[in-house]
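See below for the structure under consideration.
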Amino acid sequence: MKHTKPKMMIFSHICSQQYVTGAEKLLIFMIRELLPSYACTLVVPVDGVIAQQARSLGIPVVVQDVPLVVSLYLALPHFQGDIRMEQQGGAWQELFSLINRERPDIVLTNTCVHALPAMAAKFLGIPVVWTIMEAMRQTPDTPAAAAVIGQYSDCIVGISETALAPLRTAEMLPKSKLIPPSWQHSELAEDTW
């Protein structure tokens with residue numbers, strides 16, 4: 001009997017065509033670490049450098065633009081309205097279609113601004129890992145914005161205590177995990193330092 005790995009869809013909020021950002025570097029590193037345990041598929045908004053890196057690792061790549069909710073990261077008072085507006089657009093339905101077609105066992109969404117994949121997955125009953133690579137802006141609406149991340153995730157992975165701080169409430173603490181940034185030593189260009 002052949003053992004198959006669970007399927008994980010990983011949503012990158014960006015995919016630069018010229019360079020790799022810190023969040024992209026951490027995401028591709030995380031994907032490399034997940035490969036022994038998961039059959040990964042990377043979803044990117046446009047074809048770019050990390051999509052090429054993923055393909056070189058044998059990872060299927062889907063190019064599909066998913067709107068970002070920057071006001072969630074900025075904890076602006078209108079973030080809920082922005083989410084509702086995006087859920088009324090065609091990209092929301094396309095996102096549902098993609099997840100339904102792929103039927104992953106788990107969804108991983110990257111950064112605070114990438115709320116829609118987490119929300120769609122939870123609506124479909126699929127577990128969500130939400131990785132937080134940045135510190136949310138501190139405003140009076142930060143607790144409400146953090147609560148959205150808590151509501152639509154089963155596990156919250158942060159790269160620092162600062163990034164996790166708004167998510168360390170009594171409700172979210174049990175599902176929040178700190179995994180500090182790491183790297184592949186072979187990719188360090190120490191001779192250029």
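Numbering starts fresh at 1 for the residues of each chain in the structure tokens, the chains themselves are lettered A, B, ... in the order given, and ligands are numbered from 1 as they appear.
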Please list as a PyMOL selection string every residue within 12 Å of Ile99 of chain A, counting only C-alpha atoms and excluding residues in the same chain fewer than 6 positions away. chain A and resi 7-11+41+43+62+64+92-93+105-108+116-126
Would you write out those residues with N, CA and C atoms, as a PDB file, in the first residue's frame?
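Contents of the output file selection_0.pdb:
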ATOM      1  N   LYS A   7      -1.621  16.851   1.310  1.00  0.00           N
ATOM      2  CA  LYS A   7      -1.419  17.944   0.359  1.00  0.00           C
ATOM      3  C   LYS A   7      -1.561  19.290   1.063  1.00  0.00           C
ATOM      4  N   MET A   8      -0.550  20.131   0.892  1.00  0.00           N
ATOM      5  CA  MET A   8      -0.563  21.468   1.472  1.00  0.00           C
ATOM      6  C   MET A   8      -0.506  22.510   0.355  1.00  0.00           C
ATOM      7  N   MET A   9      -1.484  23.422   0.343  1.00  0.00           N
ATOM      8  CA  MET A   9      -1.434  24.577  -0.564  1.00  0.00           C
ATOM      9  C   MET A   9      -0.839  25.736   0.215  1.00  0.00           C
ATOM     10  N   ILE A  10       0.190  26.328  -0.362  1.00  0.00           N
ATOM     11  CA  ILE A  10       0.915  27.412   0.283  1.00  0.00           C
ATOM     12  C   ILE A  10       0.713  28.677  -0.539  1.00  0.00           C
ATOM     13  N   PHE A  11       0.148  29.696   0.088  1.00  0.00           N
ATOM     14  CA  PHE A  11      -0.176  30.947  -0.590  1.00  0.00           C
ATOM     15  C   PHE A  11       0.856  32.017  -0.252  1.00  0.00           C
ATOM     16  N   THR A  41       2.009  22.572  -2.898  1.00  0.00           N
ATOM     17  CA  THR A  41       1.701  23.338  -4.100  1.00  0.00           C
ATOM     18  C   THR A  41       1.798  24.795  -3.707  1.00  0.00           C
ATOM     19  N   VAL A  43       1.059  28.732  -4.439  1.00  0.00           N
ATOM     20  CA  VAL A  43       0.178  29.642  -5.171  1.00  0.00           C
ATOM     21  C   VAL A  43       0.783  31.034  -5.071  1.00  0.00           C
ATOM     22  N   VAL A  62       0.905  27.329  -8.940  1.00  0.00           N
ATOM     23  CA  VAL A  62      -0.318  27.871  -9.520  1.00  0.00           C
ATOM     24  C   VAL A  62      -0.185  29.389  -9.478  1.00  0.00           C
ATOM     25  N   GLN A  64      -2.172  32.599  -9.536  1.00  0.00           N
ATOM     26  CA  GLN A  64      -3.527  33.142  -9.378  1.00  0.00           C
ATOM     27  C   GLN A  64      -3.460  34.343  -8.449  1.00  0.00           C
ATOM     28  N   TRP A  92     -12.493  36.343  -5.213  1.00  0.00           N
ATOM     29  CA  TRP A  92     -12.929  35.513  -4.087  1.00  0.00           C
ATOM     30  C   TRP A  92     -13.522  34.198  -4.599  1.00  0.00           C
ATOM     31  N   GLN A  93     -14.365  34.277  -5.611  1.00  0.00           N
ATOM     32  CA  GLN A  93     -14.958  33.066  -6.192  1.00  0.00           C
ATOM     33  C   GLN A  93     -13.894  32.208  -6.873  1.00  0.00           C
ATOM     34  N   ASP A 105      -5.277  19.159   2.002  1.00  0.00           N
ATOM     35  CA  ASP A 105      -5.542  18.724   3.374  1.00  0.00           C
ATOM     36  C   ASP A 105      -5.305  19.861   4.361  1.00  0.00           C
ATOM     37  N   ILE A 106      -4.474  20.815   3.955  1.00  0.00           N
ATOM     38  CA  ILE A 106      -4.136  21.950   4.805  1.00  0.00           C
ATOM     39  C   ILE A 106      -3.732  23.126   3.918  1.00  0.00           C
ATOM     40  N   VAL A 107      -4.003  24.331   4.405  1.00  0.00           N
ATOM     41  CA  VAL A 107      -3.618  25.555   3.690  1.00  0.00           C
ATOM     42  C   VAL A 107      -2.682  26.353   4.585  1.00  0.00           C
ATOM     43  N   LEU A 108      -1.617  26.865   3.992  1.00  0.00           N
ATOM     44  CA  LEU A 108      -0.705  27.774   4.680  1.00  0.00           C
ATOM     45  C   LEU A 108      -0.757  29.099   3.949  1.00  0.00           C
ATOM     46  N   LEU A 116      -7.442  36.304   2.708  1.00  0.00           N
ATOM     47  CA  LEU A 116      -8.480  35.602   1.946  1.00  0.00           C
ATOM     48  C   LEU A 116      -8.250  34.098   1.794  1.00  0.00           C
ATOM     49  N   PRO A 117      -7.022  33.617   1.559  1.00  0.00           N
ATOM     50  CA  PRO A 117      -6.847  32.158   1.493  1.00  0.00           C
ATOM     51  C   PRO A 117      -7.216  31.463   2.810  1.00  0.00           C
ATOM     52  N   ALA A 118      -6.873  32.084   3.933  1.00  0.00           N
ATOM     53  CA  ALA A 118      -7.219  31.502   5.229  1.00  0.00           C
ATOM     54  C   ALA A 118      -8.729  31.458   5.402  1.00  0.00           C
ATOM     55  N   MET A 119      -9.393  32.535   5.054  1.00  0.00           N
ATOM     56  CA  MET A 119     -10.843  32.604   5.210  1.00  0.00           C
ATOM     57  C   MET A 119     -11.547  31.594   4.309  1.00  0.00           C
ATOM     58  N   ALA A 120     -11.125  31.505   3.068  1.00  0.00           N
ATOM     59  CA  ALA A 120     -11.745  30.562   2.135  1.00  0.00           C
ATOM     60  C   ALA A 120     -11.543  29.129   2.612  1.00  0.00           C
ATOM     61  N   ALA A 121     -10.334  28.808   3.049  1.00  0.00           N
ATOM     62  CA  ALA A 121     -10.056  27.450   3.525  1.00  0.00           C
ATOM     63  C   ALA A 121     -10.925  27.107   4.737  1.00  0.00           C
ATOM     64  N   LYS A 122     -11.017  28.024   5.686  1.00  0.00           N
ATOM     65  CA  LYS A 122     -11.821  27.755   6.884  1.00  0.00           C
ATOM     66  C   LYS A 122     -13.293  27.573   6.518  1.00  0.00           C
ATOM     67  N   PHE A 123     -13.793  28.386   5.580  1.00  0.00           N
ATOM     68  CA  PHE A 123     -15.177  28.222   5.134  1.00  0.00           C
ATOM     69  C   PHE A 123     -15.402  26.839   4.542  1.00  0.00           C
ATOM     70  N   LEU A 124     -14.355  26.273   3.932  1.00  0.00           N
ATOM     71  CA  LEU A 124     -14.452  24.950   3.313  1.00  0.00           C
ATOM     72  C   LEU A 124     -14.076  23.826   4.277  1.00  0.00           C
ATOM     73  N   GLY A 125     -13.793  24.166   5.534  1.00  0.00           N
ATOM     74  CA  GLY A 125     -13.478  23.158   6.537  1.00  0.00           C
ATOM     75  C   GLY A 125     -12.066  22.613   6.460  1.00  0.00           C
ATOM     76  N   ILE A 126     -11.154  23.376   5.857  1.00  0.00           N
ATOM     77  CA  ILE A 126      -9.765  22.942   5.698  1.00  0.00           C
ATOM     78  C   ILE A 126      -8.914  23.630   6.760  1.00  0.00           C
TER      79      ILE A 126
END
Neighbouring residues of segment 173-181 of chain A were defined as those with any atom within 6 Å, considering only C-alpha atoms; residues of the same chain fewer than 6 positions away were excluded. Please report them as a VMD selection string. chain A and resid 155 to 160
Could you dump the residues just selected with N, CA, C and O atoms as a PDB file, in the first residue's frame?
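The new file again.pdb reads:
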ATOM      1  N   CYS A 155      -3.387  27.163  13.421  1.00  0.00           N
ATOM      2  CA  CYS A 155      -2.048  27.332  13.966  1.00  0.00           C
ATOM      3  C   CYS A 155      -1.507  28.652  13.440  1.00  0.00           C
ATOM      4  O   CYS A 155      -1.658  28.958  12.249  1.00  0.00           O
ATOM      5  N   ILE A 156      -0.906  29.429  14.320  1.00  0.00           N
ATOM      6  CA  ILE A 156      -0.290  30.704  13.945  1.00  0.00           C
ATOM      7  C   ILE A 156       1.203  30.563  14.190  1.00  0.00           C
ATOM      8  O   ILE A 156       1.633  30.286  15.313  1.00  0.00           O
ATOM      9  N   VAL A 157       1.985  30.743  13.142  1.00  0.00           N
ATOM     10  CA  VAL A 157       3.435  30.630  13.247  1.00  0.00           C
ATOM     11  C   VAL A 157       4.032  32.012  13.042  1.00  0.00           C
ATOM     12  O   VAL A 157       3.833  32.633  11.998  1.00  0.00           O
ATOM     13  N   GLY A 158       4.751  32.492  14.046  1.00  0.00           N
ATOM     14  CA  GLY A 158       5.395  33.798  13.951  1.00  0.00           C
ATOM     15  C   GLY A 158       6.898  33.668  13.972  1.00  0.00           C
ATOM     16  O   GLY A 158       7.439  32.723  14.557  1.00  0.00           O
ATOM     17  N   ILE A 159       7.575  34.642  13.353  1.00  0.00           N
ATOM     18  CA  ILE A 159       9.034  34.579  13.279  1.00  0.00           C
ATOM     19  C   ILE A 159       9.716  35.316  14.424  1.00  0.00           C
ATOM     20  O   ILE A 159      10.930  35.271  14.538  1.00  0.00           O
ATOM     21  N   SER A 160       8.923  36.022  15.257  1.00  0.00           N
ATOM     22  CA  SER A 160       9.509  36.720  16.400  1.00  0.00           C
ATOM     23  C   SER A 160       8.423  36.970  17.439  1.00  0.00           C
ATOM     24  O   SER A 160       7.230  36.934  17.132  1.00  0.00           O
TER      25      SER A 160
END
Would you please extract all strand (DSSP E) residues from segment 13-97 of chain A, as assigned by DSSP on the backbone, and give them as an mmCIF file with all heavy atoms, in the first residue's frame?
data_model
loop_
_atom_site.group_PDB
_atom_site.id
_atom_site.type_symbol
_atom_site.label_atom_id
_atom_site.label_comp_id
_atom_site.auth_asym_id
_atom_site.auth_seq_id
_atom_site.Cartn_x
_atom_site.Cartn_y
_atom_site.Cartn_z
ATOM 1 N N ALA A 39 2.992 17.107 0.418
ATOM 2 C CA ALA A 39 2.992 17.337 -1.028
ATOM 3 C C ALA A 39 2.555 18.793 -1.199
ATOM 4 O O ALA A 39 1.380 19.127 -1.045
ATOM 5 C CB ALA A 39 2.027 16.392 -1.724
ATOM 6 N N CYS A 40 3.504 19.656 -1.451
ATOM 7 C CA CYS A 40 3.257 21.102 -1.464
ATOM 8 C C CYS A 40 2.905 21.605 -2.856
ATOM 9 O O CYS A 40 3.464 21.145 -3.857
ATOM 10 C CB CYS A 40 4.484 21.850 -0.969
ATOM 11 S SG CYS A 40 4.947 21.473 0.731
ATOM 12 N N THR A 41 2.009 22.572 -2.898
ATOM 13 C CA THR A 41 1.701 23.338 -4.100
ATOM 14 C C THR A 41 1.798 24.795 -3.707
ATOM 15 O O THR A 41 1.205 25.211 -2.706
ATOM 16 C CB THR A 41 0.276 23.031 -4.619
ATOM 17 O OG1 THR A 41 0.196 21.651 -4.979
ATOM 18 C CG2 THR A 41 -0.067 23.882 -5.829
ATOM 19 N N LEU A 42 2.549 25.568 -4.467
ATOM 20 C CA LEU A 42 2.719 26.988 -4.178
ATOM 21 C C LEU A 42 1.778 27.805 -5.058
ATOM 22 O O LEU A 42 1.719 27.592 -6.270
ATOM 23 C CB LEU A 42 4.166 27.415 -4.440
ATOM 24 C CG LEU A 42 4.498 28.886 -4.227
ATOM 25 C CD1 LEU A 42 4.308 29.295 -2.759
ATOM 26 C CD2 LEU A 42 5.929 29.187 -4.678
ATOM 27 N N VAL A 43 1.059 28.732 -4.439
ATOM 28 C CA VAL A 43 0.178 29.642 -5.171
ATOM 29 C C VAL A 43 0.783 31.034 -5.071
ATOM 30 O O VAL A 43 1.036 31.537 -3.968
ATOM 31 C CB VAL A 43 -1.253 29.635 -4.595
ATOM 32 C CG1 VAL A 43 -2.150 30.571 -5.411
ATOM 33 C CG2 VAL A 43 -1.823 28.223 -4.571
ATOM 34 N N VAL A 44 1.037 31.648 -6.225
ATOM 35 C CA VAL A 44 1.649 32.975 -6.287
ATOM 36 C C VAL A 44 0.774 33.900 -7.130
ATOM 37 O O VAL A 44 0.052 33.447 -8.012
ATOM 38 C CB VAL A 44 3.069 32.901 -6.890
ATOM 39 C CG1 VAL A 44 4.027 32.152 -5.964
ATOM 40 C CG2 VAL A 44 3.064 32.274 -8.262
ATOM 41 N N VAL A 61 3.339 24.845 -9.180
ATOM 42 C CA VAL A 61 3.060 26.262 -8.927
ATOM 43 C C VAL A 61 1.781 26.640 -9.654
ATOM 44 O O VAL A 61 1.600 26.310 -10.825
ATOM 45 C CB VAL A 61 4.227 27.158 -9.414
ATOM 46 C CG1 VAL A 61 3.876 28.630 -9.283
ATOM 47 C CG2 VAL A 61 5.498 26.831 -8.640
ATOM 48 N N VAL A 62 0.905 27.329 -8.940
ATOM 49 C CA VAL A 62 -0.318 27.871 -9.520
ATOM 50 C C VAL A 62 -0.185 29.389 -9.478
ATOM 51 O O VAL A 62 0.115 29.958 -8.425
ATOM 52 C CB VAL A 62 -1.567 27.436 -8.719
ATOM 53 C CG1 VAL A 62 -2.822 28.103 -9.259
ATOM 54 C CG2 VAL A 62 -1.705 25.924 -8.721
ATOM 55 N N VAL A 63 -0.394 30.036 -10.617
ATOM 56 C CA VAL A 63 -0.374 31.499 -10.666
ATOM 57 C C VAL A 63 -1.820 31.978 -10.636
ATOM 58 O O VAL A 63 -2.581 31.736 -11.574
ATOM 59 C CB VAL A 63 0.357 32.016 -11.927
ATOM 60 C CG1 VAL A 63 0.315 33.537 -11.981
ATOM 61 C CG2 VAL A 63 1.798 31.506 -11.952
#
Long-range neighbours of Ser37 of chain A as a PyMOL selection string, 9 Å cut-off, only C-alpha atoms, 2 positions minimum in chain: chain A and resi 5-6+33-35+39
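Across the model, the gap from atom CA of Leu68 of chain A to atom CA of Glu134 of chain A is 14.7 Å.
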Contacts of Ser16 of chain A at 10 Å (only C-alpha atoms; same-chain gap of 5+ positions) as an NGL selection string: :A and (21 or 24 or 44-51)
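Distances to Tyr73 of chain A were evaluated for A:Thr109, A:Gln138, A:Gln53, A:Asn100 using only C-alpha atoms, and the minimum falls at A:Gln138.
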Have a look at A:Pro127, A:Gly150, A:Pro77, A:Pro67 and name the one nearest to Val113 of chain A; count only C-alpha atoms. A:Pro67
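Nearest to Arg32 of chain A of all the residues A:Thr139, A:Gln87, A:Gln18, A:Ser56 is A:Ser56, based on only C-alpha atoms.
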